[in-house]
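This report concerns only the one structure given below.
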Amino acid sequence: MIGAFGLCASYSRSLLILGLLAGVGLPGLAAAMAPWLPEMVAILLVVTAFRIGHRAAFGALSDLRWSLPAVLILQLALPLALVAVLNGVGLAGTPLALALVLACAAPTISGGASLAIILRQDPARMMQFLILGTAIFPLTIVPVLMAIPVAVDIGFLANIALRALVIILGAAALGFALRHWTLRTPDARQIKAMDGASILFFAIIVVGLMAALGPMLRSDPATALLWALAAFALSFGLQAMTLLLLRRSALAPVSGPLALAAGNRNIALFLVSLPTEVMAPVMIFVACWQLPMYLTPILLPRLYRLAG
């Protein structure tokens, strides 16, 4: 088993490509997996927390002087600035504007630590951004929704975010406990196997996430392409700008994880918290948003080598 998971780590990028292809090319399988996405994400968090260990995670969580302001900038200042820009160029109220703002307002994705592992960045920092971002999401999203504006029950939105936070914390605690009880001091081969397990689950999850994109690519490929270009521009643009701005600053040691957090957001949170009539025009963007996230380790490794 250790050897098999180690092989997964060695072929991490190939696994992600296979997951994407399976999600698009096997619509029946993707549709069958889609209802199980919450459970699969929870398993991924347990596996990732097991890989990181509580010592590394708590060490990362201890420095809030820069991490909390960074998350506030990403989830509050950035989407509000984007609203102002979109208003200035006359795009306010369009589905594109809504999609871009919601993507910028969301916390980082649950699989961010797996991305960090593949790109040789610090997965403990990604876990930190995930927990902090989800914890303050009910506070940061209110002014953003007021600026759009979108009619929504703020209490219901806060309840969704709280439930997500409980799942994240519970899965992380379980993973940390299992690591403490079973593998306190892993060797290099065991660490590689744990990396491979995290990457394997991350690749499996994308099959279910692609359930909405496959039919769109077959029914209206031109429109899907335009929305995919918007998703790539936002995700890759945020990652590149964040890393290039920070790599020579005092935050250079964490510029890589911050760039990953900036460009890989959990916009799916809004699917269960905003009214259907609000999200319907941007559902194709939500589906296309998975592409740049899962292709980041394949298309941007040279960029992340700048982070050291």
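Each chain in the structure tokens gets a letter, A, B and so on, in the order shown; residues start at 1 in every chain, and ligands are counted from 1 in the order they appear.
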**Prompt:** Running DSSP on the backbone, which parts of stretch 55-292 of chain A land in helix (DSSP H, G or I), as a PyMOL selection string?
**Reply:** chain A and resi 55-61+64-88+95-105+112-118+123-147+154-182+188-209+213-219+221-246+252-263+267-272+276-288+290-292
| message | I want to know what sits within 12 Å of A:Ile298, based on only C-alpha atoms, with residues of the same chain fewer than 5 positions away left out; could you give that as a ChimeraX atom specification? | response | /A:11-17,20,115,118-119,291-293,303-304
Counting only C-alpha atoms, the residue among A:Leu7, A:Leu18, A:Val144, A:Ala34 that lies closest to A:Gly208 is A:Ala34
Distance criterion (only C-alpha atoms): nearest to A:Leu178 out of A:Gly53, A:Pro138, A:Gly112, A:Gly133 |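 Of all the options, A:Gly53 lies closest to A:Leu178.
The closest residue to A:Trp66, picked from A:Val207, A:Ala268, A:Leu251, A:Ile148 and counting only C-alpha atoms, is A:Leu251.
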Of A:Ile191, A:Leu21, A:Leu78, A:Ala259, the one sitting nearest A:Phe5 when using only C-alpha atoms is A:Ile191
